[in-house]
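Coordinates from model_27.cif are shown below (mmCIF, C-alpha atoms).
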```cif
data_coords
loop_
_atom_site.label_atom_id
_atom_site.label_comp_id
_atom_site.auth_asym_id
_atom_site.auth_seq_id
_atom_site.Cartn_x
_atom_site.Cartn_y
_atom_site.Cartn_z
CA MET A 19 129.96 66.74 166.01
CA ILE A 20 133.06 68.40 167.45
CA PRO A 21 133.32 68.11 171.26
CA ALA A 22 133.22 71.28 173.37
CA GLY A 23 136.58 72.99 173.54
CA VAL A 24 137.80 71.37 170.31
CA ARG A 25 138.62 73.62 167.40
CA ARG A 26 139.35 72.59 163.82
CA HIS A 27 140.17 74.48 160.67
CA MET A 28 141.15 73.18 157.25
CA PHE A 29 142.16 74.88 154.01
CA ALA A 30 143.91 73.96 150.78
CA ILE A 31 146.46 75.83 148.69
CA PRO A 32 147.85 75.12 145.23
CA ALA A 33 151.06 73.11 145.62
CA ILE A 34 153.31 75.91 144.38
CA GLU A 35 156.04 77.67 146.34
CA SER A 36 154.55 81.16 145.88
CA ARG A 37 151.54 80.13 148.02
CA VAL A 38 153.49 78.94 151.07
CA ALA A 39 153.69 82.43 152.61
CA ASP A 40 149.91 82.86 152.31
CA ALA A 41 149.34 79.50 154.02
CA ARG A 42 151.76 80.40 156.80
CA ARG A 43 150.00 83.73 157.44
CA ARG A 44 146.57 82.10 157.40
CA THR A 45 147.74 79.43 159.86
CA VAL A 46 149.03 82.03 162.31
CA ARG A 47 145.90 84.18 161.88
CA VAL A 48 143.60 81.24 162.72
CA LEU A 49 145.68 80.10 165.68
CA THR A 50 145.93 83.66 167.01
CA SER A 51 142.13 83.82 166.98
CA TRP A 52 142.21 80.62 169.08
CA GLY A 53 144.47 82.19 171.69
CA LEU A 54 148.01 81.55 170.41
CA ARG A 55 150.29 83.49 172.70
CA ARG A 56 152.63 86.01 171.12
CA HIS A 57 155.82 84.31 172.33
CA ASP A 58 154.76 81.02 170.69
CA GLU A 59 153.87 82.63 167.37
CA GLU A 60 157.32 82.39 165.78
CA THR A 61 157.68 78.71 166.68
CA VAL A 62 154.27 77.88 165.23
CA ARG A 63 155.01 79.97 162.13
CA LEU A 64 158.30 78.13 161.54
CA VAL A 65 156.81 74.67 162.12
CA ALA A 66 153.89 75.36 159.76
CA SER A 67 156.18 76.88 157.16
CA GLU A 68 158.57 73.91 157.18
CA LEU A 69 155.77 71.34 156.87
CA ILE A 70 154.01 73.23 154.08
CA THR A 71 157.25 73.93 152.22
CA ASN A 72 158.29 70.28 152.52
CA ALA A 73 155.00 69.08 151.04
CA VAL A 74 155.09 71.58 148.18
CA SER A 75 158.77 70.94 147.38
CA HIS A 76 158.74 67.15 147.57
CA ALA A 77 155.16 66.24 146.67
CA GLY A 78 154.08 69.15 144.46
CA HIS A 79 154.67 67.18 141.26
CA LEU A 80 152.07 64.61 142.43
CA THR A 81 149.79 66.92 144.38
CA PRO A 82 147.79 69.73 142.77
CA PHE A 83 146.81 70.99 146.22
CA VAL A 84 148.25 70.73 149.72
CA THR A 85 145.77 70.70 152.60
CA VAL A 86 146.58 72.34 155.93
CA LEU A 87 144.72 71.01 158.98
CA LEU A 88 144.68 72.78 162.35
CA GLU A 89 143.33 71.17 165.52
CA LEU A 90 143.24 72.31 169.13
CA ASP A 91 141.77 69.85 171.60
CA GLY A 92 140.09 70.56 174.92
CA VAL A 93 143.31 70.23 176.94
CA GLY A 94 145.43 72.55 174.80
CA ARG A 95 147.12 70.04 172.49
CA LEU A 96 147.76 71.67 169.11
CA ARG A 97 148.19 69.65 165.92
CA ILE A 98 149.24 71.15 162.60
CA GLY A 99 148.84 68.73 159.71
CA VAL A 100 149.84 68.99 156.06
CA ARG A 101 148.28 66.49 153.64
CA ASP A 102 149.69 65.64 150.22
CA CYS A 103 149.25 62.86 147.64
CA HIS A 104 152.86 61.64 147.61
CA PRO A 105 153.01 57.94 148.59
CA GLY A 106 156.47 58.14 150.16
CA PRO A 107 157.55 59.28 153.60
CA PRO A 108 158.82 62.82 154.19
CA LEU A 109 162.56 63.31 154.15
CA SER A 110 164.00 61.77 157.30
CA SER A 111 165.79 64.02 159.75
CA GLY A 112 168.70 61.62 159.51
CA SER A 113 168.93 61.90 155.72
CA CYS A 114 171.15 64.99 155.57
CA ASP A 115 174.75 65.64 156.44
CA ASP A 116 176.82 68.78 157.08
CA GLU A 117 177.18 69.49 153.35
CA ASP A 118 173.48 69.20 152.45
CA VAL A 119 171.45 72.34 151.83
CA ASP A 120 168.08 70.55 151.92
CA GLY A 121 166.71 68.03 154.39
CA ARG A 122 167.06 70.02 157.59
CA GLY A 123 163.47 71.24 157.87
CA LEU A 124 162.01 68.24 159.67
CA MET A 125 165.07 68.02 161.90
CA ILE A 126 164.46 71.62 162.99
CA VAL A 127 160.74 70.96 163.46
CA GLU A 128 161.43 67.88 165.60
CA ALA A 129 163.81 69.88 167.82
CA LEU A 130 161.27 72.68 168.27
CA LEU A 131 158.46 70.24 169.05
CA GLU A 132 160.56 68.55 171.73
CA GLU A 133 160.49 71.86 173.63
CA TYR A 134 156.69 71.54 173.65
CA ASP A 135 156.73 67.84 174.62
CA GLY A 136 155.52 66.98 171.13
CA GLY A 137 156.74 65.38 167.95
CA ILE A 138 155.99 64.46 164.35
CA THR A 139 153.54 61.74 163.36
CA ILE A 140 152.53 60.47 159.94
CA GLU A 141 149.01 59.36 159.06
CA TRP A 142 148.88 57.31 155.85
CA HIS A 143 145.88 57.41 153.52
CA ASP A 144 145.16 56.65 149.89
CA PRO A 145 146.61 58.51 148.18
CA GLY A 146 149.44 59.96 150.23
CA LYS A 147 149.81 61.02 153.82
CA THR A 148 149.33 63.72 156.42
CA VAL A 149 152.40 64.84 158.34
CA TRP A 150 151.38 66.13 161.78
CA ALA A 151 153.35 68.42 164.05
CA VAL A 152 152.00 67.73 167.52
CA PHE A 153 152.57 70.22 170.32
CA GLY A 154 152.11 68.08 173.44
CA PRO A 155 149.74 69.04 176.22
CA PRO A 156 149.64 71.73 177.17
CA ALA A 157 150.43 73.36 173.86
CA ARG A 158 150.73 76.71 175.63
CA MET A 159 148.10 78.13 173.35
CA ALA A 160 145.74 79.95 175.66
CA PRO A 161 146.50 81.23 179.15
CA SER A 162 143.41 79.48 180.50
CA VAL A 163 144.74 76.13 179.24
CA ALA A 164 148.46 76.57 179.74
CA ILE A 165 150.30 75.00 182.64
CA PRO A 166 153.81 76.42 183.02
CA ARG A 167 156.61 73.87 182.89
CA GLN A 168 158.94 73.80 185.87
CA ARG A 169 162.66 73.81 185.16
CA GLN A 170 165.31 73.01 187.71
CA VAL A 171 168.27 75.33 187.84
CA ARG A 172 171.50 74.27 189.51
CA LEU A 173 173.69 77.00 190.84
CA GLY A 174 177.37 76.65 191.51
#
```
Could the structure of this file be written out as structure tokens, please?
Amino acid sequence: MIPAGVRRHMFAIPAIESRVADARRRTVRVLTSWGLRRHDEETVRLVASELITNAVSHAGHLTPFVTVLLELDGVGRLRIGVRDCHPGPPLSSGSCDDEDVDGRGLMIVEALLEEYDGGITIEWHDPGKTVWAVFGPPARMAPSVAIPRQRQVRLG
């Protein structure tokens, strides 16, 4: 049984690049129905897109399907997970240099999640793994849950 205030949604797509856009749109549509605020939509869209694209690109040869998992807990913490059957870790954010074209996706995701007091976690299972993007509490999903962050500004 799912506790009150907890929302979960899961769907699978074929592990082919042409399906990433559909998965991204479905992710945003579900989260919007949960109260995703308009100004957070682009961040969530980019994070979901990078995780899904990474799984399809690097695990697609071992994974017929990629599963997308969406969770919102009772305090506003959002988790977006992407499950594949590849036994290895995702590309490390430290694995690219200035000349590389690939390998920047997780680095971008990590930087975005830091703005939400979150991060990336990996859950290992047999076979493969789930890579989670965690938007820390509050995830700024619904106005009733959100607590604005205070920022200090120094003048002069």
Reference answer for the PyMOL selection byres ((chain A and resi 21-38) around 7), as an MDAnalysis selection string: chainID A and resid 19:20 39:42 67 70:71 74 78 81:92
Between CA of Gly99 (chain A) and CA of Thr61 (chain A) - distance in Å to one decimal: 15.0 Å
Selection dump of the PyMOL selection byres ((chain A and resi 149) around 8), as a PyMOL selection string: chain A and resi 69+99-101+108+138-141+147-148+150-151
Selected residue, from A:Ile126, A:Gly136, A:Pro145, A:His79, that lies nearest to Val65 (chain A) when counting all atoms listed in the file: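 Smallest separation from Val65 (chain A) among the options: A:Ile126.
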Residue nearest Leu131 (chain A) - candidates A:Gly154, A:Pro105, A:Gly146, A:Gly53, atoms counted: all atoms listed in the file: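 Answer, going by the shortest atom-to-atom distance: A:Gly154.
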Atom pair CA of His143 (chain A) / CA of Arg43 (chain A): separation (Å):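 Computed distance, CA of His143 (chain A) to CA of Arg43 (chain A), equals 26.9 Å.
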Residue nearest Val127 (chain A) among A:Cys103, A:Val46, A:Leu54, A:Ile98 (counting only C-alpha atoms): A:Ile98
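When CA of Gly106 (chain A) is paired with CA of Ala129 (chain A), their separation reads 22.4 Å.
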Given only C-alpha atoms as the counted atoms, nearest of A:Leu80, A:Glu68, A:Pro107, A:Trp142 to Met125 (chain A): A:Glu68
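The residues returned by the PyMOL selection byres ((chain A and resi 134) around 8) on the shown structure are Leu130, Leu131, Glu132, Glu133, Asp135, Gly136, Phe153, Gly154, Pro155, Pro156 and Ala157 of chain A.
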Around all listed atoms of region 99-103 of chain A, padded 3 Å per side, what centre and edge lengths does the axis-aligned box have in Å to one decimal, as AutoDock Vina command-line options?
```
--center_x 149.1 --center_y 65.9 --center_z 153.7 --size_x 7.6 --size_y 12.1 --size_z 18.1
```
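For Glu59 (chain A), the set of protein, DNA and RNA residues having any atom at most 10 Å away, when counting all atoms listed in the file and skipping those fewer than 2 positions along the same chain, is Val46, Arg47, Leu49, Thr50, Leu54, Arg55, Arg56, His57, Thr61, Val62, Arg63, Leu64, Val65 and Met159 of chain A.
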Selected residue, from A:Ala73, A:Glu128, A:Gly123, A:Ala66, that lies nearest to Asp102 (chain A) when counting all atoms listed in the file: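 Of A:Ala73, A:Glu128, A:Gly123, A:Ala66, the one nearest Asp102 (chain A), counting all atoms listed in the file, is A:Ala73.
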